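Text of final_17.txt, listed as compact mmCIF, C-alpha atoms:
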# COMPACT_ATOMS: atom_id res chain seq x y z
CA MET U 9 51.06 131.60 77.14
CA THR U 10 48.68 130.08 74.68
CA GLY U 11 46.68 126.97 75.46
CA LEU U 12 48.73 125.00 72.93
CA LEU U 13 52.04 125.92 74.56
CA ARG U 14 50.60 125.08 77.96
CA LEU U 15 49.48 121.69 76.64
CA ILE U 16 52.92 121.03 75.12
CA LEU U 17 54.59 121.91 78.43
CA ALA U 18 52.17 119.65 80.31
CA LEU U 19 52.78 116.74 77.91
CA GLY U 20 56.55 117.25 78.11
CA CYS U 21 56.45 117.12 81.91
CA ALA U 22 54.19 114.05 81.76
CA VAL U 23 56.60 112.20 79.49
CA ALA U 24 59.62 113.18 81.59
CA LEU U 25 58.08 112.27 84.94
CA SER U 26 56.62 109.03 83.56
CA GLN U 27 60.18 107.68 83.42
CA PHE U 28 60.98 108.45 87.05
CA PRO U 29 59.59 105.25 88.65
CA ALA U 30 61.67 102.98 86.39
CA PHE U 31 64.73 105.20 86.73
CA SER U 32 64.44 105.29 90.52
CA ASP U 33 64.07 101.48 90.63
CA GLN U 34 67.30 101.11 88.67
CA TYR U 35 69.04 103.68 90.87
CA VAL U 36 67.99 101.81 94.03
CA GLN U 37 69.27 98.53 92.59
CA ARG U 38 72.62 100.08 91.73
CA LEU U 39 72.83 101.85 95.08
CA GLY U 40 72.24 98.50 96.78
CA GLY U 41 75.18 97.08 94.83
CA GLN U 42 77.35 100.02 95.89
CA ALA U 43 76.32 99.47 99.52
CA ASP U 44 77.19 95.76 99.28
CA ALA U 45 80.63 96.51 97.83
CA LEU U 46 81.42 99.20 100.40
CA GLN U 47 80.16 97.02 103.26
CA LYS U 48 82.63 94.33 102.18
CA VAL U 49 85.51 96.85 102.19
CA ALA U 50 84.41 98.15 105.59
CA ALA U 51 84.11 94.63 107.02
CA GLU U 52 87.60 93.70 105.81
CA PHE U 53 89.04 96.89 107.29
CA ASP U 54 87.24 96.32 110.58
CA ALA U 55 88.44 92.69 110.70
CA SER U 56 92.04 93.82 110.15
CA ALA U 57 91.65 96.44 112.87
CA GLU U 58 90.15 93.89 115.26
CA ARG U 59 93.00 91.43 114.66
CA ALA U 60 95.36 94.24 115.63
CA GLY U 61 93.27 95.00 118.72
CA LEU U 62 92.05 98.33 117.35
CA THR U 63 88.74 100.03 116.80
CA ARG U 64 87.92 101.36 113.37
CA GLN U 65 88.77 104.91 114.42
CA ALA U 66 92.02 103.86 116.08
CA ALA U 67 93.02 101.98 112.92
CA LEU U 68 92.19 105.04 110.81
CA ASP U 69 94.25 107.18 113.16
CA GLN U 70 97.22 104.85 112.65
CA LEU U 71 97.02 105.29 108.91
CA ALA U 72 99.28 108.31 109.08
CA GLY U 73 102.92 109.20 108.93
CA THR U 74 103.81 108.70 105.31
CA ARG U 75 102.28 110.09 102.16
CA PHE U 76 100.82 106.72 101.29
CA LEU U 77 99.40 106.05 104.74
CA ASP U 78 97.94 109.55 104.96
CA SER U 79 96.32 109.13 101.56
CA HIS U 80 95.04 105.64 102.36
CA GLY U 81 93.59 106.80 105.67
CA GLN U 82 91.75 109.65 103.94
CA ASP U 83 90.47 107.25 101.27
CA MET U 84 89.15 104.87 103.92
CA GLY U 85 87.54 107.74 105.79
CA ARG U 86 85.70 108.71 102.59
CA VAL U 87 84.62 105.07 102.12
CA PHE U 88 83.06 105.00 105.60
CA THR U 89 81.39 108.39 105.10
CA ARG U 90 79.98 107.36 101.73
CA LEU U 91 78.81 104.02 103.08
CA ALA U 92 76.92 105.70 105.93
CA ARG U 93 75.25 108.14 103.52
CA ILE U 94 74.37 105.36 101.06
CA GLU U 95 72.91 103.15 103.78
CA THR U 96 70.72 106.00 105.03
CA ASP U 97 69.50 106.92 101.55
CA LEU U 98 69.02 103.29 100.54
CA GLY U 99 66.89 102.57 103.60
CA LEU U 100 64.60 105.51 102.83
CA LEU U 101 64.40 104.75 99.11
CA ARG U 102 63.69 101.05 99.66
CA ALA U 103 60.93 101.88 102.15
CA ALA U 104 59.25 104.18 99.60
CA SER U 105 57.31 102.95 96.60
CA ALA U 106 58.54 103.92 93.13
CA LEU U 107 55.85 106.61 93.09
CA GLU U 108 56.69 107.88 96.58
CA ARG U 109 60.28 108.35 95.46
CA ILE U 110 59.12 111.33 93.41
CA ALA U 111 59.20 113.21 96.71
CA LEU U 112 62.72 111.93 97.51
CA PRO U 113 64.98 113.06 94.66
CA HIS U 114 67.34 114.58 97.25
CA ARG U 115 68.02 111.02 98.43
CA MET U 116 69.33 110.10 94.98
CA ARG U 117 72.52 112.01 95.67
CA ASP U 118 75.27 109.48 95.10
CA ALA U 119 76.85 111.06 92.03
CA GLU U 120 78.68 107.92 90.89
CA THR U 121 75.55 105.77 91.07
CA LEU U 122 73.38 108.45 89.51
CA ALA U 123 75.74 108.85 86.57
CA ALA U 124 75.97 105.09 86.01
CA THR U 125 72.19 104.71 86.21
CA TRP U 126 71.64 107.58 83.79
CA GLY U 127 74.26 106.16 81.42
CA ASP U 128 72.45 102.84 81.15
CA PHE U 129 68.87 104.07 81.37
CA HIS U 130 66.64 103.69 78.34
CA PRO U 131 63.23 105.39 78.44
CA ALA U 132 60.28 103.10 77.88
CA VAL U 133 56.51 103.26 77.84
CA PRO U 134 55.41 103.23 81.49
CA LEU U 135 53.03 100.30 81.88
CA THR U 136 52.97 100.13 85.66
CA ALA U 137 50.55 101.83 88.01
CA SER U 138 53.43 103.94 89.30
CA GLY U 139 54.30 104.96 85.76
CA PHE U 140 50.72 105.99 85.00
CA TRP U 141 50.45 107.99 88.24
CA ALA U 142 53.79 109.67 87.60
CA THR U 143 52.63 110.56 84.09
CA GLY U 144 49.48 112.14 85.50
CA ILE U 145 51.41 114.03 88.16
CA GLY U 146 53.86 115.26 85.54
CA PHE U 147 51.01 116.42 83.31
CA LEU U 148 49.37 118.32 86.17
CA MET U 149 52.67 119.89 87.20
CA GLY U 150 53.35 120.99 83.63
CA TRP U 151 49.81 122.34 83.26
CA MET U 152 50.14 124.35 86.49
CA ILE U 153 53.59 125.66 85.55
CA GLY U 154 52.24 126.63 82.13
CA GLY U 155 49.39 128.50 83.80
CA LEU U 156 51.78 130.35 86.11
CA LEU U 157 54.07 131.26 83.22
CA GLY U 158 51.08 132.43 81.22
CA ARG U 159 50.03 134.74 84.04
CA LEU U 160 53.54 136.11 84.36
CA PHE U 161 53.77 136.79 80.61
CA ARG U 162 50.33 138.46 80.56
CA ARG U 163 51.25 140.55 83.59
CA GLY U 164 54.52 141.56 81.92
CA GLU U 165 52.67 142.54 78.74
CA GLN U 166 50.16 144.60 80.73
CA ASP U 167 52.96 146.35 82.62
CA SER U 168 54.75 147.25 79.39
CA LEU U 169 51.53 148.65 77.84
CA ALA U 170 50.84 150.90 80.83

Translate the structure described by the file into structure tokens.
Amino acid sequence: MTGLLRLILALGCAVALSQFPAFSDQYVQRLGGQADALQKVAAEFDASAERAGLTRQAALDQLAGTRFLDSHGQDMGRVFTRLARIETDLGLLRAASALERIALPHRMRDAETLAATWGDFHPAVPLTASGFWATGIGFLMGWMIGGLLGRLFRRGEQDSLA
């Protein structure tokens, strides 16, 4: 791989990663909104269960017997599962700085929130310290990847000449 292609790859990675801090901030804000909404649904369900003298699980177990009740019980089960996952991810993402979140992309796994964030996200010039660091990290990653690809291509050319 020529030096120019390596530089282009490094610059491309720098530009792409420079957007991550702002994108992750927006994702965390949206995820917080999702958590708030789901917590309200869970609290209302739990209050209804308590008024009936039931635990959450007992109330879920009673949501059975008809097609509607079975479906509603499964829906509520998914709400509680999603809420637990969101709360775990949100806690970790909020504790991390925007730059530290580069190491936590696996915690940005709520597909609905990710799609909504991506749909509204507009790239901008990163003027924060996190944005500058992410740009530098992206450049270094791209430079290293370019170097590895260059070695692979040179090795492949040498193997084909032999």

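Nearest-residue note for U:Ala124: choosing from U:Ser26, U:Thr63, U:Gln70, U:Gln37, the minimum distance belongs to U:Gln37, counting all atoms listed in the file.
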
Which residue of U:Gly127, U:Gly146, U:Gly61, U:Gly155 approaches U:Leu19 most closely, using all atoms listed in the file
U:Gly146

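In this structure, atom CA of U:Gly158 sits 8.1 Å away from atom CA of U:Arg14.
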
Across U:Thr143, U:Gln47, U:Thr121, U:Thr96, the smallest distance to U:Met84, with all atoms listed in the file counted, is shown by U:Gln47

Proximity check stretch 69-160 of chain U to stretch 50-54 of chain U, 9 Å, nearest pairs one decimal Å, all atoms listed in the file, as JSON lines:
{"residue": "U:Met84", "atom": "CA", "partner": "U:Ala50", "partner_atom": "CA", "distance": 8.4}
{"residue": "U:Val87", "atom": "CA", "partner": "U:Ala50", "partner_atom": "CA", "distance": 7.7}
{"residue": "U:Phe88", "atom": "CA", "partner": "U:Ala50", "partner_atom": "CA", "distance": 7.0}
{"residue": "U:Leu91", "atom": "CA", "partner": "U:Ala50", "partner_atom": "CA", "distance": 8.5}

Emit the selected residues as an mmCIF file, keeping the file's coordinate frame, including C-alpha atoms.
data_model
loop_
_atom_site.group_PDB
_atom_site.id
_atom_site.type_symbol
_atom_site.label_atom_id
_atom_site.label_comp_id
_atom_site.auth_asym_id
_atom_site.auth_seq_id
_atom_site.Cartn_x
_atom_site.Cartn_y
_atom_site.Cartn_z
ATOM 1 C CA MET U 84 89.150 104.870 103.920
ATOM 2 C CA VAL U 87 84.620 105.070 102.120
ATOM 3 C CA PHE U 88 83.060 105.000 105.600
ATOM 4 C CA LEU U 91 78.810 104.020 103.080
#

Which of these residues is nearest to U:Thr136, using all atoms listed in the file: U:Ala72, U:Leu107, U:Leu39, U:Ala24?
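So, comparing all the options, the nearest one is U:Leu107.
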
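For the pair atom CA of U:Ile145 and atom CA of U:Phe31, the interatomic distance is 16.0 Å.
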
Can you tell me which residues surround U:Leu100 at a distance of at most 10 Å, considering all atoms listed in the file, apart from same-chain residues fewer than 5 positions away, and format the answer as a VMD selection string?
chain U and resid 94 to 95 105 109 112 115

Edge lengths and centre, in Å to one decimal, as lines of an AutoDock Vina configuration file: that's what I need for the box along x, y and z that holds all listed atoms of stretch 148-161 of chain U plus 3 Å on each side.
center_x = 51.7
center_y = 127.6
center_z = 83.9
size_x = 10.7
size_y = 24.5
size_z = 12.6
